[in-house]
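Novice: So that you have it, the file is input-v8.txt, and it contains compact mmCIF, C-alpha atoms:
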# COMPACT_ATOMS: atom_id res chain seq x y z
CA MET D 1 85.26 48.76 290.35
CA THR D 2 84.71 51.55 292.87
CA GLY D 3 88.15 50.96 294.34
CA ARG D 4 89.67 51.09 290.89
CA ALA D 5 88.06 54.46 290.21
CA PHE D 6 89.23 55.76 293.61
CA LEU D 7 92.81 54.64 293.01
CA GLY D 8 92.66 55.90 289.44
CA VAL D 9 91.76 59.42 290.56
CA LEU D 10 94.31 59.36 293.38
CA ARG D 11 97.12 58.21 291.12
CA ARG D 12 96.18 60.60 288.35
CA ASP D 13 96.17 63.62 290.67
CA LEU D 14 99.46 62.64 292.29
CA LEU D 15 101.02 62.13 288.87
CA LEU D 16 99.73 65.50 287.72
CA ALA D 17 101.15 67.13 290.85
CA VAL D 18 104.55 65.55 290.25
CA ARG D 19 104.56 66.60 286.60
CA GLY D 20 103.65 70.17 287.50
CA ARG D 21 106.48 70.61 290.00
CA ALA D 22 106.31 74.42 290.13
CA GLU D 23 102.72 74.27 291.27
CA LEU D 24 103.65 71.68 293.85
CA ALA D 25 106.42 73.82 295.32
CA LEU D 26 104.54 77.11 295.30
CA PRO D 27 102.42 76.70 298.48
CA LEU D 28 105.38 75.26 300.32
CA LEU D 29 107.69 78.13 299.40
CA PHE D 30 104.93 80.56 300.27
CA TYR D 31 104.60 78.91 303.67
CA LEU D 32 108.32 79.17 304.34
CA LEU D 33 108.53 82.75 303.09
CA VAL D 34 105.59 84.09 305.09
CA ALA D 35 106.96 82.57 308.25
CA THR D 36 110.50 83.84 307.68
CA LEU D 37 109.30 87.37 306.91
CA VAL D 38 107.94 87.77 310.42
CA PRO D 39 111.29 87.76 312.28
CA LEU D 40 112.50 90.35 309.77
CA ALA D 41 109.45 92.55 310.24
CA VAL D 42 108.79 92.17 313.96
CA SER D 43 111.95 91.37 315.83
CA PRO D 44 114.62 88.71 315.78
CA ASP D 45 114.33 88.45 319.57
CA ALA D 46 113.71 84.80 320.44
CA ALA D 47 111.40 85.51 323.39
CA THR D 48 109.10 87.73 321.28
CA LEU D 49 109.07 85.25 318.41
CA ALA D 50 108.39 82.23 320.57
CA GLY D 51 105.12 83.79 321.70
CA LEU D 52 104.07 84.54 318.14
CA ALA D 53 105.33 81.33 316.55
CA PRO D 54 102.23 79.10 316.94
CA GLY D 55 99.98 81.74 315.43
CA ILE D 56 102.36 82.53 312.59
CA ILE D 57 102.88 78.91 311.65
CA TRP D 58 99.17 78.21 311.64
CA VAL D 59 98.21 81.34 309.70
CA ALA D 60 100.92 80.56 307.15
CA ALA D 61 99.61 77.00 306.81
CA LEU D 62 96.09 78.34 306.28
CA LEU D 63 97.18 80.78 303.58
CA ALA D 64 99.41 78.24 301.85
CA THR D 65 96.51 75.78 301.71
CA LEU D 66 94.20 78.48 300.40
CA LEU D 67 96.71 79.26 297.66
CA SER D 68 96.72 75.64 296.54
CA LEU D 69 92.98 74.94 296.73
CA ASP D 70 92.04 76.12 293.27
CA ARG D 71 94.07 73.28 291.82
CA LEU D 72 91.62 70.77 293.28
CA PHE D 73 88.92 71.19 290.65
CA ARG D 74 89.90 74.11 288.40
CA SER D 75 91.63 72.16 285.65
CA ASP D 76 89.06 69.36 285.84
CA PHE D 77 86.35 71.94 285.31
CA GLU D 78 88.13 73.58 282.42
CA ASP D 79 89.19 70.52 280.44
CA GLY D 80 85.99 68.50 280.83
CA SER D 81 87.44 65.90 283.22
CA LEU D 82 84.79 66.96 285.70
CA ASP D 83 82.14 65.47 283.40
CA LEU D 84 84.04 62.17 283.49
CA LEU D 85 84.06 62.27 287.30
CA LEU D 86 80.33 63.02 287.39
CA LEU D 87 79.53 60.24 284.92
CA SER D 88 81.70 57.62 286.58
CA PRO D 89 79.70 54.75 288.05
CA ALA D 90 81.70 55.15 291.28
CA PRO D 91 80.00 57.33 293.94
CA LEU D 92 81.02 60.95 293.47
CA PRO D 93 81.70 61.66 297.19
CA LEU D 94 84.25 58.85 297.11
CA LEU D 95 85.99 60.32 294.07
CA VAL D 96 86.00 63.68 295.87
CA CYS D 97 87.72 61.88 298.79
CA ALA D 98 90.39 60.62 296.40
CA LYS D 99 90.97 64.13 295.08
CA VAL D 100 91.13 65.61 298.59
CA LEU D 101 93.52 62.89 299.72
CA ALA D 102 95.79 63.62 296.76
CA HIS D 103 95.58 67.32 297.54
CA TRP D 104 96.51 66.75 301.18
CA LEU D 105 99.42 64.50 300.24
CA VAL D 106 100.93 67.20 298.01
CA THR D 107 100.15 70.26 300.17
CA GLY D 108 99.20 69.41 303.77
CA LEU D 109 101.82 66.73 304.26
CA PRO D 110 104.75 68.84 302.99
CA LEU D 111 103.61 71.67 305.30
CA LEU D 112 103.67 69.20 308.16
CA LEU D 113 107.11 67.95 307.20
CA VAL D 114 108.79 71.35 307.01
CA SER D 115 107.11 72.70 310.15
CA PRO D 116 110.09 71.79 312.42
CA LEU D 117 112.19 74.09 310.26
CA LEU D 118 109.76 76.93 310.82
CA ALA D 119 109.65 76.13 314.51
CA LEU D 120 113.42 76.58 314.55
CA VAL D 121 113.33 79.87 312.62
CA LEU D 122 110.63 81.22 314.93
CA ALA D 123 112.30 79.96 318.13
CA LEU D 124 109.36 77.79 319.13
CA PRO D 125 110.21 75.89 322.34
CA GLY D 126 111.37 72.38 321.55
CA ARG D 127 108.78 70.73 323.76
CA ALA D 128 105.99 72.13 321.52
CA LEU D 129 107.32 70.36 318.42
CA GLY D 130 105.35 67.17 318.93
CA THR D 131 102.13 69.09 319.47
CA LEU D 132 102.83 71.24 316.42
CA ALA D 133 103.14 68.12 314.28
CA ALA D 134 100.05 66.52 315.84
CA SER D 135 97.93 69.64 315.42
CA LEU D 136 98.99 70.04 311.80
CA ALA D 137 98.41 66.35 311.12
CA LEU D 138 94.85 66.66 312.41
CA GLY D 139 94.17 70.18 311.14
CA THR D 140 95.53 70.31 307.58
CA PRO D 141 93.24 67.51 306.29
CA VAL D 142 90.32 69.58 307.60
CA LEU D 143 91.63 72.53 305.61
CA SER D 144 91.74 70.41 302.44
CA LEU D 145 88.26 68.97 303.07
CA LEU D 146 86.56 72.31 303.78
CA GLY D 147 88.48 73.87 300.92
CA ALA D 148 87.13 71.23 298.54
CA VAL D 149 83.59 72.38 299.31
CA GLY D 150 84.57 75.99 298.70
CA VAL D 151 86.30 75.23 295.40
CA ALA D 152 83.46 73.03 294.23
CA LEU D 153 81.10 75.96 294.79
CA THR D 154 83.25 78.64 293.18
CA VAL D 155 85.05 76.84 290.36
CA GLY D 156 82.31 77.77 287.88
CA VAL D 157 82.58 81.44 288.78
CA ARG D 158 85.00 83.45 286.71
CA ARG D 159 87.75 84.85 288.94
CA GLY D 160 86.32 82.88 291.82
CA GLY D 161 89.61 83.07 293.74
CA GLY D 162 88.63 86.06 295.88
CA LEU D 163 85.23 84.59 296.52
CA LEU D 164 86.88 81.33 297.55
CA ALA D 165 88.96 83.10 300.20
CA LEU D 166 85.90 84.88 301.60
CA LEU D 167 83.98 81.64 301.70
CA VAL D 168 86.63 79.36 303.11
CA LEU D 169 88.68 81.46 305.53
CA PRO D 170 85.82 81.96 308.06
CA LEU D 171 85.31 78.18 308.05
CA TYR D 172 88.99 77.74 308.86
CA VAL D 173 88.73 79.84 312.04
CA PRO D 174 87.95 76.97 314.48
CA VAL D 175 90.87 74.94 313.16
CA LEU D 176 93.14 77.95 313.48
CA VAL D 177 92.00 78.72 317.02
CA PHE D 178 92.42 75.22 318.38
CA GLY D 179 95.53 74.44 316.34
CA ALA D 180 97.43 77.56 317.38
CA ASN D 181 96.18 77.32 320.93
CA ALA D 182 97.36 73.73 321.27
CA VAL D 183 100.86 74.71 320.14
CA SER D 184 101.12 77.68 322.50
CA ALA D 185 99.80 75.66 325.41
CA ALA D 186 102.40 72.97 324.68
CA GLY D 187 105.08 75.67 324.56
CA ASP D 188 103.99 76.78 328.03
CA GLY D 189 104.05 73.20 329.27
CA LEU D 190 100.27 72.98 329.66
CA PRO D 191 98.12 69.96 328.73
CA VAL D 192 96.87 69.97 325.14
CA THR D 193 94.64 66.89 324.96
CA GLY D 194 91.46 69.00 324.87
CA GLN D 195 92.55 71.01 321.85
CA LEU D 196 93.78 67.93 320.00
CA TYR D 197 90.51 66.12 320.70
CA MET D 198 88.65 69.11 319.27
CA LEU D 199 90.82 69.03 316.14
CA GLY D 200 90.17 65.29 315.86
CA ALA D 201 86.45 65.96 316.14
CA PHE D 202 86.66 68.61 313.40
CA LEU D 203 88.47 66.10 311.21
CA ALA D 204 85.84 63.40 311.79
CA LEU D 205 83.07 65.86 311.04
CA ALA D 206 84.72 67.29 307.93
CA ALA D 207 85.71 63.85 306.59
CA SER D 208 82.16 62.59 306.85
CA LEU D 209 80.28 65.65 305.58
CA ALA D 210 82.59 67.65 303.31
CA PRO D 211 82.84 65.03 300.51
CA LEU D 212 79.05 64.88 300.31
CA ALA D 213 78.74 68.66 300.25
CA ALA D 214 81.51 69.00 297.66
CA ALA D 215 79.91 66.32 295.46
CA GLY D 216 76.58 68.14 295.59
CA ALA D 217 78.27 71.44 294.78
CA LEU D 218 80.12 69.90 291.82
CA ARG D 219 76.85 68.68 290.34
CA ILE D 220 75.46 72.21 290.55
CA THR D 221 78.65 73.66 289.11
CA ALA D 222 78.61 71.31 286.13
CA SER D 223 75.06 72.18 285.14
CA MET L 1 56.90 42.97 270.50
CA THR L 2 58.37 46.45 270.79
CA THR L 3 62.10 47.15 270.79
CA PRO L 4 63.46 47.75 274.28
CA VAL L 5 64.23 51.40 274.84
CA LEU L 6 67.48 52.19 276.68
CA LEU L 7 66.74 55.77 277.51
CA GLU L 8 63.58 57.71 276.93
CA ALA L 9 63.11 61.45 277.24
CA ARG L 10 59.58 62.72 277.69
CA ALA L 11 58.45 66.28 277.05
CA LEU L 12 61.79 67.90 277.92
CA ALA L 13 61.81 71.66 278.23
CA MET L 14 64.77 73.92 278.80
CA TRP L 15 65.30 77.65 279.06
CA ARG L 16 68.54 79.53 279.04
CA GLY L 17 67.81 82.91 280.61
CA GLU L 18 64.96 84.43 278.63
CA ARG L 19 65.37 82.15 275.65
CA ARG L 20 63.45 78.96 275.32
CA LEU L 21 65.78 76.37 273.83
CA PHE L 22 63.20 73.65 273.37
CA HIS L 23 60.00 72.37 274.91
CA ASP L 24 57.90 69.26 274.66
CA LEU L 25 60.87 67.40 273.21
CA SER L 26 60.63 63.62 273.37
CA LEU L 27 63.01 61.03 272.07
CA ALA L 28 64.07 57.46 272.64
CA ALA L 29 67.46 55.76 272.40
CA VAL L 30 66.95 52.36 270.81
CA PRO L 31 69.65 49.64 270.67
CA GLY L 32 71.37 49.51 267.30
CA ARG L 33 70.12 52.90 266.15
CA ALA L 34 71.84 56.25 265.88
CA LEU L 35 70.11 59.55 266.46
CA HIS L 36 71.59 62.57 264.72
CA VAL L 37 70.60 65.79 266.50
CA ARG L 38 70.78 68.70 264.09
CA GLY L 39 70.18 72.40 264.34
CA PRO L 40 71.80 75.82 264.02
CA ASN L 41 74.43 77.09 266.48
CA GLY L 42 72.98 77.98 269.85
CA CYS L 43 69.78 75.99 269.43
CA GLY L 44 70.51 73.83 272.47
CA LYS L 45 72.10 70.69 271.04
CA THR L 46 74.83 70.51 273.65
CA THR L 47 72.34 71.34 276.40
CA LEU L 48 70.10 68.52 275.23
CA LEU L 49 72.98 66.04 275.23
CA ARG L 50 74.03 67.11 278.72
CA ILE L 51 70.47 66.58 279.91
CA LEU L 52 70.43 63.11 278.37
CA CYS L 53 73.71 62.30 280.17
CA GLY L 54 72.26 63.45 283.45
CA LEU L 55 74.81 66.25 283.82
CA LEU L 56 72.05 68.82 283.67
CA ASP L 57 68.48 68.58 284.92
CA PRO L 58 65.75 69.68 282.50
CA GLU L 59 63.35 72.35 283.66
CA ASP L 60 60.43 70.20 282.70
CA GLY L 61 59.93 66.67 281.47
CA ALA L 62 61.45 63.38 282.52
CA LEU L 63 64.17 60.90 281.67
CA LEU L 64 63.40 57.20 281.90
CA VAL L 65 65.89 54.35 282.03
CA SER L 66 64.17 51.02 281.30
CA GLY L 67 60.85 52.68 282.05
CA GLN L 68 61.96 54.03 285.44
CA PRO L 69 62.19 57.80 285.86
CA VAL L 70 65.71 58.95 286.76
CA ARG L 71 67.25 62.24 287.81
CA GLY L 72 70.65 63.61 286.88
CA GLY L 73 73.45 61.58 288.44
CA ASP L 74 71.34 58.46 288.94
CA PRO L 75 73.59 55.37 289.08
CA ARG L 76 71.49 53.62 286.42
CA LEU L 77 72.08 56.52 284.06
CA ARG L 78 75.80 56.63 284.86
CA ALA L 79 76.13 52.93 284.16
CA LEU L 80 74.39 53.36 280.82
CA VAL L 81 75.98 56.42 279.24
CA GLY L 82 79.38 56.91 277.61
CA TYR L 83 79.83 60.61 276.90
CA VAL L 84 82.36 62.49 274.83
CA GLY L 85 81.66 66.18 275.05
CA HIS L 86 83.00 69.34 273.53
CA ALA L 87 85.73 69.59 276.16
CA ASP L 88 87.80 66.47 275.63
CA GLY L 89 88.49 65.65 279.30
CA LEU L 90 92.18 65.05 278.63
CA LYS L 91 95.01 66.06 280.94
CA HIS L 92 97.69 67.90 279.01
CA GLU L 93 100.48 66.75 281.32
CA LEU L 94 99.69 63.05 280.85
CA ALA L 95 100.67 60.83 277.94
CA ALA L 96 97.97 59.66 275.56
CA ALA L 97 98.07 56.11 276.96
CA GLU L 98 97.95 57.39 280.54
CA ASN L 99 94.94 59.55 279.76
CA LEU L 100 93.17 56.55 278.33
CA ARG L 101 94.08 54.34 281.29
CA PHE L 102 92.77 56.82 283.83
CA ALA L 103 89.56 57.37 281.89
CA ALA L 104 89.03 53.60 281.82
CA ALA L 105 89.66 53.31 285.56
CA LEU L 106 87.18 56.09 286.16
CA ALA L 107 84.60 54.38 283.98
CA GLY L 108 85.08 51.26 286.09
CA ALA L 109 86.62 49.29 283.22
CA ASP L 110 89.81 47.26 283.34
CA PRO L 111 92.42 49.68 282.05
CA GLY L 112 95.29 47.23 281.54
CA PRO L 113 95.88 45.53 278.20
CA ASP L 114 92.99 47.22 276.42
CA THR L 115 94.82 50.52 276.15
CA HIS L 116 97.02 49.51 273.25
CA ALA L 117 94.12 48.07 271.28
CA ALA L 118 92.01 51.14 271.93
CA LEU L 119 94.82 53.42 270.76
CA ALA L 120 95.42 51.29 267.68
CA ARG L 121 91.72 51.44 266.95
CA MET L 122 91.89 55.22 266.55
CA GLY L 123 95.30 55.21 264.83
CA LEU L 124 97.14 56.64 267.83
CA VAL L 125 99.79 54.00 268.58
CA ALA L 126 102.59 56.23 267.27
CA VAL L 127 101.71 58.99 269.74
CA ALA L 128 100.87 56.78 272.73
CA ALA L 129 103.80 58.09 274.78
CA LEU L 130 103.36 61.75 273.84
CA GLU L 131 101.83 64.16 276.29
CA ALA L 132 98.33 65.21 275.33
CA ARG L 133 99.49 68.83 275.01
CA GLN L 134 101.69 67.80 272.08
CA LEU L 135 98.81 66.26 270.15
CA SER L 136 96.91 68.11 267.46
CA ALA L 137 93.23 68.96 267.92
CA GLY L 138 92.25 66.04 265.72
CA GLN L 139 94.48 63.61 267.62
CA ARG L 140 93.04 64.80 270.92
CA ARG L 141 89.54 64.21 269.59
CA ARG L 142 90.56 60.71 268.50
CA LEU L 143 91.99 60.07 271.94
CA ALA L 144 88.80 61.24 273.64
CA LEU L 145 86.77 58.95 271.37
CA ALA L 146 89.13 56.03 272.03
CA ARG L 147 87.67 55.89 275.56
CA LEU L 148 84.34 54.65 274.25
CA PRO L 149 84.85 51.02 273.20
CA GLY L 150 86.61 49.99 276.42
CA ALA L 151 84.07 51.58 278.74
CA ASP L 152 81.35 49.09 277.84
CA ARG L 153 78.41 51.50 277.82
CA ARG L 154 75.16 50.80 275.98
CA LEU L 155 74.38 54.38 275.08
CA TRP L 156 76.98 56.65 273.52
CA ILE L 157 76.31 60.36 273.64
CA LEU L 158 78.71 62.32 271.45
CA ASP L 159 78.87 66.06 271.05
CA GLU L 160 80.26 66.98 267.61
CA PRO L 161 82.43 63.84 267.39
CA PHE L 162 83.41 64.52 263.78
CA THR L 163 84.78 68.01 264.45
CA ALA L 164 88.53 68.43 263.90
CA LEU L 165 88.90 64.90 262.51
CA ASP L 166 90.62 64.37 259.16
CA THR L 167 89.25 62.07 256.48
CA ASP L 168 90.93 59.02 258.02
CA GLY L 169 89.69 59.95 261.46
CA ILE L 170 86.14 60.33 260.20
CA ALA L 171 86.36 56.90 258.56
CA LEU L 172 87.76 55.37 261.76
CA LEU L 173 85.01 56.90 263.86
CA ALA L 174 82.33 55.88 261.40
CA GLY L 175 83.70 52.31 261.55
CA LEU L 176 83.70 52.43 265.34
CA LEU L 177 80.11 53.65 265.42
CA GLU L 178 78.92 51.12 262.83
CA GLU L 179 80.47 48.31 264.84
CA ALA L 180 78.96 49.56 268.09
CA LEU L 181 75.55 49.90 266.48
CA ALA L 182 75.81 46.35 265.17
CA ARG L 183 76.56 45.27 268.76
CA GLY L 184 73.34 46.89 269.93
CA VAL L 185 74.74 50.14 271.29
CA ALA L 186 72.55 53.18 270.86
CA VAL L 187 74.24 56.38 269.72
CA ILE L 188 73.04 59.96 270.04
CA PHE L 189 75.27 62.58 268.45
CA THR L 190 75.33 66.08 267.09
CA SER L 191 77.07 67.01 263.89
CA HIS L 192 76.96 69.80 261.36
CA GLN L 193 78.11 67.54 258.56
CA ALA L 194 76.01 64.74 257.17
CA ALA L 195 76.99 61.70 259.22
CA PRO L 196 78.82 59.00 257.25
CA LEU L 197 76.69 56.21 258.65
CA ALA L 198 74.46 53.66 256.93
CA VAL L 199 71.06 55.29 256.55
CA GLU L 200 68.99 52.34 257.73
CA ARG L 201 70.40 52.77 261.24
CA LEU L 202 70.09 56.52 261.36
CA ASP L 203 67.32 58.76 262.68
CA THR L 204 67.47 62.52 262.76
CA LEU L 205 66.10 65.07 265.17
CA ASP L 206 65.98 68.71 264.10
CA LEU L 207 66.08 71.41 266.72
CA VAL L 208 64.92 74.82 265.65
CA ALA L 209 66.64 78.09 266.50
CA ALA L 210 65.89 79.30 270.02
CA ALA L 211 62.78 81.43 270.38
Taking this structure as input, can you express it in the form of structure tokens?

Specialist:
Amino acid sequence: MTGRAFLGVLRRDLLLAVRGRAELALPLLFYLLVATLVPLAVSPDAATLAGLAPGIIWVAALLATLLSLDRLFRSDFEDGSLDLLLLSPAPLPLLVCAKVLAHWLVTGLPLLLVSPLLALVLALPGRALGTLAASLALGTPVLSLLGAVGVALTVGVRRGGGLLALLVLPLYVPVLVFGANAVSAAGDGLPVTGQLYMLGAFLALAASLAPLAAAGALRITAS
Amino acid sequence: MTTPVLLEARALAMWRGERRLFHDLSLAAVPGRALHVRGPNGCGKTTLLRILCGLLDPEDGALLVSGQPVRGGDPRLRALVGYVGHADGLKHELAAAENLRFAAALAGADPGPDTHAALARMGLVAVAALEARQLSAGQRRRLALARLPGADRRLWILDEPFTALDTDGIALLAGLLEEALARGVAVIFTSHQAAPLAVERLDTLDLVAAA
């Protein structure tokens, strides 16, 4: 029964994402655009760009995720589906996990998949590509998980978008620091295990605590 | 022997800002009986129903499921209540049948073959493949109500279920409710019209305008 509810929410959210294609593409296009604007604004010189690339890619990923977060609970809150989630006999944190997983599959994963393209545009050294993918694979789920807590808290607030950014971006700082640092270290040929372990630890922490926090926040929001 | 009570509310009190919506409000949901909550706009009917569902915690008083006090979100309460609120909980991008299937999965019911029967029950077979955004307000209400029979809940809490329904829809819903009541389901609902239900099953609760 619990598994059925989990799969139901996951499938519903994926289906909704596929039906609303424009919304699906928006964060991805934003990600690509932000990263391609930098060579135009700063300098097309490969050496300059290579130094900036890890930071740019990670900041763009952060902002693209932020742009997509509202979708997590906004429509559920507005159309009353949130009440159905809250009244489901399945544990709410688990349903939150299903929603976050769906969110990551339609935002975090595409960011990960197009990152080699950005690496090329920004002249990131080829040997950093693997680390870029690994850091995004570990880091973007954390962004979705922490974001879920932020959205759950602000979805009841009218025009909560600005508030959401203020709330969530500071929490994203550790992921940004270790993610970008891992990629630059890899570009310089240095070991990156430490940074990746830290990202893994963030993921474990966020995966175990964020769904509980988001579930609690949703209950407050609904009342 | 007394009738078993599914859900009991004792001395509920609720404020919204400076206004007291109600206080010392007690009620019981009894199998096979419907409770019609009446009162003017803004008197706290929806708030009361949300408290009874466990979506909102009362400021004072207690909810009891089979004699045990519960708080909002308690699994016993969630397993008991089927709720159709003011917001219909439908996804505009999904077809009517898909909406119903996902709601059933969420309620922990088997969504498969029941969908067609549930749609037929509310006269929605012809629009099963239409997206919810294309349905009229009355059809959306029917679709939201179609969730109830499949979810297998013993207490139905319905906020203005008759609103936006046409004559046929009202008759269908009344039939659905009568059948559920005969099965031993308890129903609590709000409505501004007189409810078209057999009087011997019906109790009323009048809320007064907020003080």

Novice: Counting all atoms listed in the file, which of L:Asp206, L:Asp159, L:Glu8, L:Glu178 gets nearest to Leu63 in chain L?

Specialist: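 Of the candidates, the smallest distance to Leu63 in chain L is held by L:Glu8.
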
Novice: Can you pull out every residue within 9 Å of range 45-50 of chain L, counting only C-alpha atoms, but drop anything in the same chain fewer than 5 positions away, and send it as a list in words?

Specialist: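 Selected residues are Ser223 of chain D; Leu12, Met14, Leu21, Phe22, Val37, Arg38, Gly39, Pro40, Leu55, Leu56, Asp57, Pro58, Tyr83, Gly85, His86, Ile157, Leu158, Asp159, Glu160, Ile188, Phe189, Thr190 and Leu207 of chain L.
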
Novice: Output C-alpha atoms for every residue in that selection, as a CSV table (one decimal), in the frame of the given file.

Specialist:
chain,number,residue,atom,x,y,z
D,223,SER,CA,75.1,72.2,285.1
L,12,LEU,CA,61.8,67.9,277.9
L,14,MET,CA,64.8,73.9,278.8
L,21,LEU,CA,65.8,76.4,273.8
L,22,PHE,CA,63.2,73.6,273.4
L,37,VAL,CA,70.6,65.8,266.5
L,38,ARG,CA,70.8,68.7,264.1
L,39,GLY,CA,70.2,72.4,264.3
L,40,PRO,CA,71.8,75.8,264.0
L,55,LEU,CA,74.8,66.2,283.8
L,56,LEU,CA,72.0,68.8,283.7
L,57,ASP,CA,68.5,68.6,284.9
L,58,PRO,CA,65.8,69.7,282.5
L,83,TYR,CA,79.8,60.6,276.9
L,85,GLY,CA,81.7,66.2,275.0
L,86,HIS,CA,83.0,69.3,273.5
L,157,ILE,CA,76.3,60.4,273.6
L,158,LEU,CA,78.7,62.3,271.4
L,159,ASP,CA,78.9,66.1,271.0
L,160,GLU,CA,80.3,67.0,267.6
L,188,ILE,CA,73.0,60.0,270.0
L,189,PHE,CA,75.3,62.6,268.4
L,190,THR,CA,75.3,66.1,267.1
L,207,LEU,CA,66.1,71.4,266.7

Novice: So, with only C-alpha atoms as the atoms that count, which of L:Leu90, L:Val5, L:Leu64, L:Ala104 lies closest to Gln139 in chain L?

Specialist: L:Leu90

Novice: Could you list as a VMD selection string every residue that has an atom within 12 Å of (87.1, 50.8, 287.2), using the file's coordinates and counting all atoms listed in the file?

Specialist: (chain D and resid 1 to 9 85 88 to 91 95) or (chain L and resid 79 101 to 112 150 to 152)

Novice: Can you work out the spacing between CA of Leu109 in chain D and CA of Ala137 in chain D in Å, to one decimal?

Specialist: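 Interatomic distance here is 7.7 Å.
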
Novice: With 8 Å as the threshold, what does the neighbourhood of (107.1, 84.9, 317.5) contain in terms of residues, counting all atoms listed in the file? Coordinates are those of the file; answer as a ChimeraX atom specification.

Specialist: /D:38-39,46-54,56,122-124

Novice: State, in Å with one decimal place, the distance from CA of Ala217 in chain D to CA of Ala60 in chain D.

Specialist: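 Pair CA of Ala217 in chain D / CA of Ala60 in chain D returns 27.4 Å.
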
Novice: Using only C-alpha atoms, which of the listed residues (L:Ala28, L:Ala34, L:Gly138, L:Arg76) sits closest to chain D?

Specialist: L:Arg76

Novice: Could you check which of L:Leu145, L:Ala195, L:Ala62, L:Leu35 is closest to Leu100 in chain L, using only C-alpha atoms?

Specialist: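 Going through L:Leu145, L:Ala195, L:Ala62, L:Leu35 one by one, the smallest distance to Leu100 in chain L is for L:Leu145.
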
Novice: Give me the residues within 12 Å of Glu23 in chain D as number ranges by chain, counting only C-alpha atoms and dropping any in the same chain fewer than 2 places off.

Specialist: D: 16-21, 25-30, 64, 67-72, 103, 106-107

Novice: Between CA of Val155 in chain D and CA of Ala215 in chain D, what is the distance, to one decimal in Å?

Specialist: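 According to the coordinates, CA of Val155 in chain D and CA of Ala215 in chain D are separated by 12.8 Å.
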